[in-house]
Each structure stands twice: as C-alpha cells, then as structure tokens.
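Structure file query24.pdb (PDB, C-alpha atoms and all ligand atoms) follows.
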```
MODEL        1
ATOM      1  CA  MET A   1     -39.020   4.218  -2.537  1.00  0.00           C
ATOM      2  CA  SER A   2     -38.710   5.340   1.074  1.00  0.00           C
ATOM      3  CA  TYR A   3     -37.665   8.750   2.297  1.00  0.00           C
ATOM      4  CA  ARG A   4     -34.058   9.478   3.169  1.00  0.00           C
ATOM      5  CA  LEU A   5     -33.476  12.060   5.894  1.00  0.00           C
ATOM      6  CA  TYR A   6     -30.106  13.783   5.991  1.00  0.00           C
ATOM      7  CA  TYR A   7     -29.186  15.241   9.349  1.00  0.00           C
ATOM      8  CA  PHE A   8     -26.351  15.283  11.866  1.00  0.00           C
ATOM      9  CA  PRO A   9     -26.178  12.372  14.317  1.00  0.00           C
ATOM     10  CA  ILE A  10     -28.018  14.371  16.978  1.00  0.00           C
ATOM     11  CA  ARG A  11     -31.675  15.239  17.623  1.00  0.00           C
ATOM     12  CA  GLY A  12     -31.534  18.964  16.802  1.00  0.00           C
ATOM     13  CA  ARG A  13     -33.746  20.099  13.936  1.00  0.00           C
ATOM     14  CA  GLY A  14     -33.938  16.597  12.475  1.00  0.00           C
ATOM     15  CA  GLU A  15     -35.746  14.993  15.359  1.00  0.00           C
ATOM     16  CA  GLN A  16     -39.170  16.560  14.771  1.00  0.00           C
ATOM     17  CA  ILE A  17     -39.091  14.929  11.308  1.00  0.00           C
ATOM     18  CA  ARG A  18     -38.080  11.541  12.680  1.00  0.00           C
ATOM     19  CA  VAL A  19     -40.796  11.764  15.343  1.00  0.00           C
ATOM     20  CA  LEU A  20     -43.446  12.676  12.771  1.00  0.00           C
ATOM     21  CA  LEU A  21     -42.453   9.829  10.453  1.00  0.00           C
ATOM     22  CA  HIS A  22     -42.590   7.377  13.343  1.00  0.00           C
ATOM     23  CA  ALA A  23     -45.958   8.757  14.505  1.00  0.00           C
ATOM     24  CA  LEU A  24     -47.282   8.109  10.995  1.00  0.00           C
ATOM     25  CA  ASP A  25     -45.612   4.693  10.670  1.00  0.00           C
ATOM     26  CA  VAL A  26     -43.878   5.863   7.506  1.00  0.00           C
ATOM     27  CA  PRO A  27     -40.602   4.045   6.791  1.00  0.00           C
ATOM     28  CA  PHE A  28     -37.507   6.154   6.145  1.00  0.00           C
ATOM     29  CA  GLU A  29     -33.743   5.955   6.175  1.00  0.00           C
ATOM     30  CA  ASN A  30     -31.587   8.163   8.342  1.00  0.00           C
ATOM     31  CA  GLU A  31     -28.368   9.407   6.829  1.00  0.00           C
ATOM     32  CA  HIS A  32     -26.322  10.574   9.779  1.00  0.00           C
ATOM     33  CA  VAL A  33     -24.156  13.301   8.297  1.00  0.00           C
ATOM     34  CA  ASN A  34     -20.770  13.759   9.941  1.00  0.00           C
ATOM     35  CA  GLY A  35     -18.506  16.756   9.436  1.00  0.00           C
ATOM     36  CA  GLU A  36     -16.685  15.286   6.452  1.00  0.00           C
ATOM     37  CA  ARG A  37     -19.908  14.280   4.698  1.00  0.00           C
ATOM     38  CA  PHE A  38     -21.401  17.708   5.406  1.00  0.00           C
ATOM     39  CA  ARG A  39     -18.408  19.394   3.745  1.00  0.00           C
ATOM     40  CA  GLU A  40     -18.791  17.031   0.808  1.00  0.00           C
ATOM     41  CA  LEU A  41     -22.514  17.801   0.462  1.00  0.00           C
ATOM     42  CA  ARG A  42     -21.727  21.510   0.567  1.00  0.00           C
ATOM     43  CA  SER A  43     -19.066  21.255  -2.103  1.00  0.00           C
ATOM     44  CA  GLN A  44     -21.075  19.181  -4.620  1.00  0.00           C
ATOM     45  CA  GLN A  45     -22.202  20.844  -7.838  1.00  0.00           C
ATOM     46  CA  PRO A  46     -25.048  21.392  -8.307  1.00  0.00           C
ATOM     47  CA  PRO A  47     -25.468  21.752  -4.522  1.00  0.00           C
ATOM     48  CA  PRO A  48     -27.922  19.233  -3.049  1.00  0.00           C
ATOM     49  CA  LEU A  49     -28.451  21.582  -0.084  1.00  0.00           C
ATOM     50  CA  ASP A  50     -30.192  24.736  -1.287  1.00  0.00           C
ATOM     51  CA  PHE A  51     -28.974  26.817   1.661  1.00  0.00           C
ATOM     52  CA  ALA A  52     -25.936  24.789   2.798  1.00  0.00           C
ATOM     53  CA  ALA A  53     -27.780  23.567   5.880  1.00  0.00           C
ATOM     54  CA  LEU A  54     -29.573  20.459   7.162  1.00  0.00           C
ATOM     55  CA  PRO A  55     -32.071  18.831   7.575  1.00  0.00           C
ATOM     56  CA  MET A  56     -32.785  17.694   4.017  1.00  0.00           C
ATOM     57  CA  LEU A  57     -35.428  15.166   2.992  1.00  0.00           C
ATOM     58  CA  GLU A  58     -34.973  13.137  -0.169  1.00  0.00           C
ATOM     59  CA  ASP A  59     -38.111  11.699  -1.735  1.00  0.00           C
ATOM     60  CA  GLY A  60     -36.848   9.962  -4.843  1.00  0.00           C
ATOM     61  CA  GLU A  61     -35.536  12.695  -7.137  1.00  0.00           C
ATOM     62  CA  PHE A  62     -37.116  15.412  -5.019  1.00  0.00           C
ATOM     63  CA  ARG A  63     -35.017  17.126  -2.360  1.00  0.00           C
ATOM     64  CA  LEU A  64     -36.449  19.466   0.231  1.00  0.00           C
ATOM     65  CA  VAL A  65     -34.823  21.578   2.939  1.00  0.00           C
ATOM     66  CA  GLN A  66     -36.199  23.754   5.772  1.00  0.00           C
ATOM     67  CA  GLY A  67     -37.451  21.679   8.689  1.00  0.00           C
ATOM     68  CA  PRO A  68     -40.944  23.192   9.070  1.00  0.00           C
ATOM     69  CA  VAL A  69     -41.629  22.827   5.351  1.00  0.00           C
ATOM     70  CA  ILE A  70     -40.442  19.216   5.397  1.00  0.00           C
ATOM     71  CA  MET A  71     -42.915  18.661   8.244  1.00  0.00           C
ATOM     72  CA  ALA A  72     -45.781  20.143   6.204  1.00  0.00           C
ATOM     73  CA  TYR A  73     -44.763  18.127   3.119  1.00  0.00           C
ATOM     74  CA  ILE A  74     -44.819  14.844   5.022  1.00  0.00           C
ATOM     75  CA  GLY A  75     -48.073  15.802   6.724  1.00  0.00           C
ATOM     76  CA  ARG A  76     -49.752  16.533   3.399  1.00  0.00           C
ATOM     77  CA  ALA A  77     -48.461  13.301   1.859  1.00  0.00           C
ATOM     78  CA  HIS A  78     -49.651  11.063   4.700  1.00  0.00           C
ATOM     79  CA  GLY A  79     -52.980  12.430   5.894  1.00  0.00           C
ATOM     80  CA  ALA A  80     -51.570  14.483   8.766  1.00  0.00           C
ATOM     81  CA  SER A  81     -52.386  17.926   7.416  1.00  0.00           C
ATOM     82  CA  PRO A  82     -55.703  19.743   7.787  1.00  0.00           C
ATOM     83  CA  SER A  83     -57.871  19.764   4.673  1.00  0.00           C
ATOM     84  CA  THR A  84     -58.975  23.413   4.674  1.00  0.00           C
ATOM     85  CA  PRO A  85     -56.631  26.279   3.757  1.00  0.00           C
ATOM     86  CA  ARG A  86     -57.275  28.035   7.076  1.00  0.00           C
ATOM     87  CA  GLN A  87     -56.638  24.998   9.220  1.00  0.00           C
ATOM     88  CA  ALA A  88     -53.565  24.076   7.149  1.00  0.00           C
ATOM     89  CA  ALA A  89     -52.262  27.617   7.642  1.00  0.00           C
ATOM     90  CA  ARG A  90     -52.827  27.295  11.396  1.00  0.00           C
ATOM     91  CA  ALA A  91     -50.795  24.077  11.435  1.00  0.00           C
ATOM     92  CA  GLU A  92     -47.987  25.845   9.541  1.00  0.00           C
ATOM     93  CA  SER A  93     -48.158  28.848  11.863  1.00  0.00           C
ATOM     94  CA  ILE A  94     -47.845  26.621  14.931  1.00  0.00           C
ATOM     95  CA  THR A  95     -44.991  24.662  13.350  1.00  0.00           C
ATOM     96  CA  LEU A  96     -43.125  27.907  12.672  1.00  0.00           C
ATOM     97  CA  ALA A  97     -43.775  29.003  16.256  1.00  0.00           C
ATOM     98  CA  ALA A  98     -42.171  25.753  17.413  1.00  0.00           C
ATOM     99  CA  GLU A  99     -39.196  26.698  15.233  1.00  0.00           C
ATOM    100  CA  ASP A 100     -39.087  30.172  16.846  1.00  0.00           C
ATOM    101  CA  LEU A 101     -38.930  28.494  20.234  1.00  0.00           C
ATOM    102  CA  ARG A 102     -36.256  26.107  18.966  1.00  0.00           C
ATOM    103  CA  MET A 103     -34.111  29.072  17.926  1.00  0.00           C
ATOM    104  CA  GLN A 104     -34.354  30.415  21.484  1.00  0.00           C
ATOM    105  CA  TYR A 105     -33.390  26.957  22.739  1.00  0.00           C
ATOM    106  CA  PHE A 106     -30.185  26.864  20.668  1.00  0.00           C
ATOM    107  CA  LYS A 107     -29.118  30.143  22.252  1.00  0.00           C
ATOM    108  CA  LEU A 108     -29.262  28.641  25.748  1.00  0.00           C
ATOM    109  CA  PHE A 109     -25.992  26.716  25.449  1.00  0.00           C
ATOM    110  CA  GLY A 110     -22.351  27.814  25.450  1.00  0.00           C
ATOM    111  CA  ASP A 111     -21.024  30.553  27.715  1.00  0.00           C
ATOM    112  CA  ASP A 112     -23.149  31.236  30.813  1.00  0.00           C
ATOM    113  CA  ALA A 113     -25.537  28.426  29.866  1.00  0.00           C
ATOM    114  CA  ALA A 114     -26.886  27.901  33.390  1.00  0.00           C
ATOM    115  CA  ALA A 115     -27.694  31.603  33.869  1.00  0.00           C
ATOM    116  CA  LYS A 116     -29.229  31.959  30.400  1.00  0.00           C
ATOM    117  CA  GLN A 117     -31.342  28.849  30.910  1.00  0.00           C
ATOM    118  CA  ALA A 118     -32.603  29.961  34.325  1.00  0.00           C
ATOM    119  CA  GLU A 119     -33.496  33.397  32.976  1.00  0.00           C
ATOM    120  CA  PHE A 120     -35.361  31.917  30.005  1.00  0.00           C
ATOM    121  CA  LEU A 121     -37.309  29.464  32.164  1.00  0.00           C
ATOM    122  CA  ASP A 122     -38.314  32.217  34.614  1.00  0.00           C
ATOM    123  CA  GLY A 123     -39.254  34.544  31.782  1.00  0.00           C
ATOM    124  CA  PRO A 124     -40.448  33.636  28.262  1.00  0.00           C
ATOM    125  CA  TRP A 125     -40.837  29.906  28.879  1.00  0.00           C
ATOM    126  CA  THR A 126     -43.285  30.526  31.738  1.00  0.00           C
ATOM    127  CA  ASN A 127     -44.867  33.792  30.652  1.00  0.00           C
ATOM    128  CA  ARG A 128     -45.051  33.408  26.920  1.00  0.00           C
ATOM    129  CA  TRP A 129     -44.550  29.958  25.435  1.00  0.00           C
ATOM    130  CA  LEU A 130     -46.339  27.626  27.847  1.00  0.00           C
ATOM    131  CA  PRO A 131     -49.449  29.845  28.076  1.00  0.00           C
ATOM    132  CA  ALA A 132     -49.538  30.284  24.300  1.00  0.00           C
ATOM    133  CA  PHE A 133     -49.446  26.561  23.591  1.00  0.00           C
ATOM    134  CA  GLU A 134     -51.885  25.874  26.443  1.00  0.00           C
ATOM    135  CA  ARG A 135     -54.323  28.435  25.032  1.00  0.00           C
ATOM    136  CA  LEU A 136     -54.098  26.974  21.534  1.00  0.00           C
ATOM    137  CA  LEU A 137     -54.905  23.495  22.832  1.00  0.00           C
ATOM    138  CA  GLU A 138     -57.800  24.771  24.946  1.00  0.00           C
ATOM    139  CA  SER A 139     -59.327  26.648  22.032  1.00  0.00           C
ATOM    140  CA  ASN A 140     -59.011  23.730  19.587  1.00  0.00           C
ATOM    141  CA  GLU A 141     -61.876  21.302  19.111  1.00  0.00           C
ATOM    142  CA  SER A 142     -59.716  18.496  20.530  1.00  0.00           C
ATOM    143  CA  THR A 143     -57.337  19.196  23.398  1.00  0.00           C
ATOM    144  CA  GLN A 144     -55.190  16.266  22.219  1.00  0.00           C
ATOM    145  CA  HIS A 145     -54.196  18.156  19.082  1.00  0.00           C
ATOM    146  CA  PHE A 146     -53.265  21.666  18.068  1.00  0.00           C
ATOM    147  CA  VAL A 147     -55.402  21.794  14.932  1.00  0.00           C
ATOM    148  CA  GLY A 148     -58.622  19.876  14.330  1.00  0.00           C
ATOM    149  CA  ARG A 149     -59.487  16.460  15.723  1.00  0.00           C
ATOM    150  CA  ASP A 150     -56.618  14.418  14.307  1.00  0.00           C
ATOM    151  CA  LEU A 151     -52.852  14.270  14.372  1.00  0.00           C
ATOM    152  CA  THR A 152     -51.131  16.899  12.222  1.00  0.00           C
ATOM    153  CA  PHE A 153     -47.500  17.758  11.633  1.00  0.00           C
ATOM    154  CA  ALA A 154     -47.937  20.697  14.038  1.00  0.00           C
ATOM    155  CA  ASP A 155     -48.399  18.258  16.935  1.00  0.00           C
ATOM    156  CA  ALA A 156     -45.066  16.587  16.216  1.00  0.00           C
ATOM    157  CA  ALA A 157     -43.287  19.945  15.837  1.00  0.00           C
ATOM    158  CA  VAL A 158     -44.529  21.271  19.174  1.00  0.00           C
ATOM    159  CA  TRP A 159     -44.011  17.968  20.954  1.00  0.00           C
ATOM    160  CA  ASP A 160     -40.415  17.741  19.803  1.00  0.00           C
ATOM    161  CA  VAL A 161     -39.387  21.222  20.889  1.00  0.00           C
ATOM    162  CA  LEU A 162     -41.044  20.713  24.284  1.00  0.00           C
ATOM    163  CA  ASP A 163     -39.176  17.441  24.549  1.00  0.00           C
ATOM    164  CA  ALA A 164     -35.853  19.112  23.708  1.00  0.00           C
ATOM    165  CA  PHE A 165     -36.374  21.608  26.535  1.00  0.00           C
ATOM    166  CA  SER A 166     -37.569  18.949  28.976  1.00  0.00           C
ATOM    167  CA  THR A 167     -34.595  16.720  28.169  1.00  0.00           C
ATOM    168  CA  TYR A 168     -31.705  19.150  27.854  1.00  0.00           C
ATOM    169  CA  ILE A 169     -32.604  22.287  29.829  1.00  0.00           C
ATOM    170  CA  GLU A 170     -32.203  21.840  33.566  1.00  0.00           C
ATOM    171  CA  GLY A 171     -35.503  22.523  35.314  1.00  0.00           C
ATOM    172  CA  ALA A 172     -37.634  22.866  32.163  1.00  0.00           C
ATOM    173  CA  SER A 173     -40.970  21.091  32.210  1.00  0.00           C
ATOM    174  CA  VAL A 174     -44.533  21.577  31.046  1.00  0.00           C
ATOM    175  CA  LYS A 175     -45.975  20.796  34.474  1.00  0.00           C
ATOM    176  CA  GLY A 176     -47.249  24.363  34.903  1.00  0.00           C
ATOM    177  CA  ALA A 177     -49.558  23.892  31.915  1.00  0.00           C
ATOM    178  CA  PRO A 178     -51.856  20.897  32.590  1.00  0.00           C
ATOM    179  CA  GLY A 179     -53.401  20.748  29.118  1.00  0.00           C
ATOM    180  CA  LEU A 180     -49.987  20.857  27.503  1.00  0.00           C
ATOM    181  CA  GLN A 181     -48.687  18.226  29.912  1.00  0.00           C
ATOM    182  CA  ALA A 182     -51.572  15.913  28.930  1.00  0.00           C
ATOM    183  CA  PHE A 183     -50.855  16.549  25.231  1.00  0.00           C
ATOM    184  CA  TYR A 184     -47.146  15.879  25.762  1.00  0.00           C
ATOM    185  CA  ASP A 185     -47.806  12.599  27.589  1.00  0.00           C
ATOM    186  CA  ASP A 186     -50.504  11.394  25.179  1.00  0.00           C
ATOM    187  CA  PHE A 187     -48.357  12.068  22.125  1.00  0.00           C
ATOM    188  CA  ALA A 188     -45.401  10.187  23.621  1.00  0.00           C
ATOM    189  CA  ALA A 189     -47.680   7.251  24.461  1.00  0.00           C
ATOM    190  CA  ARG A 190     -48.882   6.763  20.849  1.00  0.00           C
ATOM    191  CA  GLY A 191     -47.855   3.206  19.935  1.00  0.00           C
ATOM    192  CA  SER A 192     -45.306   3.881  17.222  1.00  0.00           C
ATOM    193  CA  VAL A 193     -43.933   6.975  18.964  1.00  0.00           C
ATOM    194  CA  ALA A 194     -43.524   5.172  22.288  1.00  0.00           C
ATOM    195  CA  LYS A 195     -41.696   2.358  20.525  1.00  0.00           C
ATOM    196  CA  TYR A 196     -39.308   4.817  18.864  1.00  0.00           C
ATOM    197  CA  LEU A 197     -38.729   6.825  22.048  1.00  0.00           C
ATOM    198  CA  GLY A 198     -37.945   3.659  23.940  1.00  0.00           C
ATOM    199  CA  ALA A 199     -35.243   2.751  21.441  1.00  0.00           C
ATOM    200  CA  ARG A 200     -33.718   6.065  20.340  1.00  0.00           C
ATOM    201  CA  PRO A 201     -30.212   7.033  21.361  1.00  0.00           C
ATOM    202  CA  ALA A 202     -29.780   9.613  24.150  1.00  0.00           C
TER     203      ALA A 202
HETATM  204  N1  LIG B 301     -34.345  27.233   8.852  1.00  0.00           N
HETATM  205  C1  LIG B 301     -33.587  26.023   8.670  1.00  0.00           C
HETATM  206  C2  LIG B 301     -32.337  26.102   9.523  1.00  0.00           C
HETATM  207  C3  LIG B 301     -31.326  25.070   9.084  1.00  0.00           C
HETATM  208  C4  LIG B 301     -30.078  25.136   9.919  1.00  0.00           C
HETATM  209  O1  LIG B 301     -29.608  26.198  10.349  1.00  0.00           O
HETATM  210  N2  LIG B 301     -29.485  23.949  10.137  1.00  0.00           N
HETATM  211  C5  LIG B 301     -28.296  23.841  10.921  1.00  0.00           C
HETATM  212  C6  LIG B 301     -28.371  22.614  11.804  1.00  0.00           C
HETATM  213  S1  LIG B 301     -29.745  22.609  12.889  1.00  0.00           S
HETATM  214  C7  LIG B 301     -27.095  23.656  10.029  1.00  0.00           C
HETATM  215  O2  LIG B 301     -27.143  22.953   9.046  1.00  0.00           O
HETATM  216  N3  LIG B 301     -25.984  24.246  10.435  1.00  0.00           N
HETATM  217  C8  LIG B 301     -24.734  24.057   9.799  1.00  0.00           C
HETATM  218  C9  LIG B 301     -24.167  25.285   9.220  1.00  0.00           C
HETATM  219  O3  LIG B 301     -24.919  26.271   9.088  1.00  0.00           O
HETATM  220  O4  LIG B 301     -22.988  25.280   8.910  1.00  0.00           O
HETATM  221  C10 LIG B 301     -34.441  24.812   9.054  1.00  0.00           C
HETATM  222  O5  LIG B 301     -35.402  24.966   9.843  1.00  0.00           O
HETATM  223  O6  LIG B 301     -34.206  23.717   8.536  1.00  0.00           O
ENDMDL
END
```

The structure in this file should be written as structure tokens.
Ligand SMILES: N[C@@H](CCC(=O)N[C@@H](CS)C(=O)NCC(=O)O)C(=O)O
Amino acid sequence: MSYRLYYFPIRGRGEQIRVLLHALDVPFENEHVNGERFRELRSQQPPPLDFAALPMLEDGEFRLVQGPVIMAYIGRAHGASPSTPRQAARAESITLAAEDLRMQYFKLFGDDAAAKQAEFLDGPWTNRWLPAFERLLESNESTQHFVGRDLTFADAAVWDVLDAFSTYIEGASVKGAPGLQAFYDDFAARGSVAKYLGARPA
C-alpha cells in the first residue's frame, strides 16, 4: 500500500515531504485538502489529526503528523536516515532548524510584507541562516549532503525551505553561500527530483 499525504493544495509544509518522496522514488498519493475537507477532518471522531493541523501522512493504518517527524519516518523507512544515533540526531536537528527557518518565512507575508522581507534578507537570512547551513555543509564529510555521505531527509528539508525563500521572497537567493548554492543546484538536478520540479504546479 502506498503512502497518502494529506495537505492543502499549496507547497507550504507539505512540499518537503513530497520532495523527499520523489527524491527517493517512493510512490505516494496526494490528498489535496480544501477548506471543507479540512473542517471535516477536524470534526471526525476519533480525530485523524492529532493536533488539528496538516500535514498528515497515512501509511496503511498508521497516521503521523508533524512535518519534521514525517520526514524522519520516511527517511528511516527508505534508507535515507543515518545509521548511528548521533548522525540520526544531527539529521533531526537540521530538519528542525529548517522548520525554524520556515516559521520565520511564514511571518514574512501579510501587512508590510515587502519591508519585513527586506529586513529579514538583510539580517538573519544573510548573517545567521546562510552561514549556518554553509558551515554545516563544509564540516560534513560530503559537501553534497548535510549528514554523512548519502542523501538523508535533512537534505530535502533544507532544500525545500531554501527553495521556498528563493521562489516566493523577492531578492532571496543562496548565491552568497557558494557551498550551499552547489548543494541546492545538485539536489534539484537529481533525476527524480528534477522530473518532479519540472512538472509541479507553481
Ligand atoms: N509543527 C507542525 C505545524 C503544523 C501546522 O501548523 N500546519 C498548518 C499548515 S502549514 C495548519 O494546519 N494550519 C491550519 C490551522 O492551524 O488551522 C508541523 O510541522 O507539521
């Protein structure tokens, strides 16, 4: 039975999961949850959504929420999670950092979006986040990955949040961090990822 991913019909917090599944060539079904369906899911008893929020991954009878944990679950199930406890913890730590950055990203819309975005790009984006990710890549044994020598779920999590900024925040790019830029480009060029990116809706 293939996975079923429940998320709104946008990229948001669901996209890192879609990108990871494509990177691993793992088949899955998207359930694009509209407002009415979301209300229905929230009103069902017992509630399928533990915390009344999406994304949710269904794996047969098993349902899992919390994006970063879904990423780790898929990684562990499909050989994209480090084998030692320390390296696995590093991958989780980096995935949660990507989520921290994503939370900053969500705050950059709405009232005064242009001013908030410019301030973030001049400040934390340049001074904190790009150097942190660049440093992690440089200190890893392979500069193509964040942890170890092979693809892990942390790579997909970081790639996706960088992609959200690059796509939707005017002026955001990873050009100032050459190692990160190379990682970003290499990840997007992976066969199954490139195929998905070429076909996904805007
Ligand atoms: N920590 C959770 C956050 C989940 C979350 O806040 N999801 C949002 C969409 S990105 C949601 O369902 N919002 C609808 C609502 O809270 O009513 C995760 O990473 O999955």

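When the PyMOL selection byres (((not hetatm)) within 7 of (chain B and resi 301)) is evaluated on the file shown here, the picked residues come out as Gly12, Arg13, Ala52, Ala53, Leu54, Pro55, Val65, Gln66, Gly67, Pro68 and Glu99 of chain A.
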
Emit as JSON the padded axis-aligned box for all listed atoms of segment 31-34 of chain A, 4 Å per side, with centre and edge lengths in Å to one decimal.
```
{"center_x": -24.6, "center_y": 11.6, "center_z": 8.4, "size_x": 15.6, "size_y": 12.4, "size_z": 11.1}
```

Find the residues around segment 92-95 of chain A up to 9 Å (all atoms listed in the file counted), leave out those fewer than 2 positions away in its own chain, and share them as an mmCIF file with C-alpha atoms, in the coordinates of the input.
```cif
data_model
loop_
_atom_site.group_PDB
_atom_site.id
_atom_site.type_symbol
_atom_site.label_atom_id
_atom_site.label_comp_id
_atom_site.auth_asym_id
_atom_site.auth_seq_id
_atom_site.Cartn_x
_atom_site.Cartn_y
_atom_site.Cartn_z
ATOM 1 C CA PRO A 68 -40.944 23.192 9.070
ATOM 2 C CA VAL A 69 -41.629 22.827 5.351
ATOM 3 C CA MET A 71 -42.915 18.661 8.244
ATOM 4 C CA ALA A 72 -45.781 20.143 6.204
ATOM 5 C CA GLN A 87 -56.638 24.998 9.220
ATOM 6 C CA ALA A 88 -53.565 24.076 7.149
ATOM 7 C CA ALA A 89 -52.262 27.617 7.642
ATOM 8 C CA ARG A 90 -52.827 27.295 11.396
ATOM 9 C CA ALA A 97 -43.775 29.003 16.256
ATOM 10 C CA ALA A 98 -42.171 25.753 17.413
ATOM 11 C CA GLU A 99 -39.196 26.698 15.233
ATOM 12 C CA ASP A 100 -39.087 30.172 16.846
ATOM 13 C CA PHE A 133 -49.446 26.561 23.591
ATOM 14 C CA PHE A 146 -53.265 21.666 18.068
ATOM 15 C CA VAL A 147 -55.402 21.794 14.932
ATOM 16 C CA PHE A 153 -47.500 17.758 11.633
ATOM 17 C CA ALA A 154 -47.937 20.697 14.038
ATOM 18 C CA ASP A 155 -48.399 18.258 16.935
ATOM 19 C CA ALA A 156 -45.066 16.587 16.216
ATOM 20 C CA ALA A 157 -43.287 19.945 15.837
ATOM 21 C CA VAL A 158 -44.529 21.271 19.174
#
```

What is the distance between atom CA of Leu21 of chain A and atom CA of Asp185 of chain A, in Å to one decimal? 18.2 Å

Nearest to Ile17 of chain A among A:Pro131, A:Gly110, A:Ser81, A:Asp160, with distances taken over only C-alpha atoms: which residue is it?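 Ranking A:Pro131, A:Gly110, A:Ser81, A:Asp160 by distance to Ile17 of chain A, first place goes to A:Asp160.
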
Pull out every residue that the PyMOL selection byres (((chain A and resi 78) around 12) and not hetatm) matches in the shown coordinates and put them as a ChimeraX atom specification. /A:20-27,71-77,79-83,151-153

One decimal, Å: what's the distance from atom CA of Ser2 of chain A over to atom CA of His32 of chain A, could you say?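 Between atom CA of Ser2 of chain A and atom CA of His32 of chain A the gap is 16.0 Å.
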
Measuring atom to atom with all atoms listed in the file, identify which of A:Gly176, A:Glu170, A:Glu36, A:Asn140 is nearest to Leu108 of chain A. A:Glu170

The PyMOL selection byres (((chain A and resi 172) around 12) and not hetatm) resolved against shown file, as a PDB file with C-alpha atoms, in the frame of the given file:
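That gives us result.pdb:
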```pdb
ATOM      1  CA  TYR A 105     -33.390  26.957  22.739  1.00  0.00           C
ATOM      2  CA  ALA A 114     -26.886  27.901  33.390  1.00  0.00           C
ATOM      3  CA  GLN A 117     -31.342  28.849  30.910  1.00  0.00           C
ATOM      4  CA  ALA A 118     -32.603  29.961  34.325  1.00  0.00           C
ATOM      5  CA  GLU A 119     -33.496  33.397  32.976  1.00  0.00           C
ATOM      6  CA  PHE A 120     -35.361  31.917  30.005  1.00  0.00           C
ATOM      7  CA  LEU A 121     -37.309  29.464  32.164  1.00  0.00           C
ATOM      8  CA  ASP A 122     -38.314  32.217  34.614  1.00  0.00           C
ATOM      9  CA  GLY A 123     -39.254  34.544  31.782  1.00  0.00           C
ATOM     10  CA  PRO A 124     -40.448  33.636  28.262  1.00  0.00           C
ATOM     11  CA  TRP A 125     -40.837  29.906  28.879  1.00  0.00           C
ATOM     12  CA  THR A 126     -43.285  30.526  31.738  1.00  0.00           C
ATOM     13  CA  TRP A 129     -44.550  29.958  25.435  1.00  0.00           C
ATOM     14  CA  LEU A 130     -46.339  27.626  27.847  1.00  0.00           C
ATOM     15  CA  VAL A 161     -39.387  21.222  20.889  1.00  0.00           C
ATOM     16  CA  LEU A 162     -41.044  20.713  24.284  1.00  0.00           C
ATOM     17  CA  ASP A 163     -39.176  17.441  24.549  1.00  0.00           C
ATOM     18  CA  ALA A 164     -35.853  19.112  23.708  1.00  0.00           C
ATOM     19  CA  PHE A 165     -36.374  21.608  26.535  1.00  0.00           C
ATOM     20  CA  SER A 166     -37.569  18.949  28.976  1.00  0.00           C
ATOM     21  CA  THR A 167     -34.595  16.720  28.169  1.00  0.00           C
ATOM     22  CA  TYR A 168     -31.705  19.150  27.854  1.00  0.00           C
ATOM     23  CA  ILE A 169     -32.604  22.287  29.829  1.00  0.00           C
ATOM     24  CA  GLU A 170     -32.203  21.840  33.566  1.00  0.00           C
ATOM     25  CA  GLY A 171     -35.503  22.523  35.314  1.00  0.00           C
ATOM     26  CA  SER A 173     -40.970  21.091  32.210  1.00  0.00           C
ATOM     27  CA  VAL A 174     -44.533  21.577  31.046  1.00  0.00           C
ATOM     28  CA  LYS A 175     -45.975  20.796  34.474  1.00  0.00           C
ATOM     29  CA  GLY A 176     -47.249  24.363  34.903  1.00  0.00           C
ATOM     30  CA  ALA A 177     -49.558  23.892  31.915  1.00  0.00           C
TER      31      ALA A 177
END
```
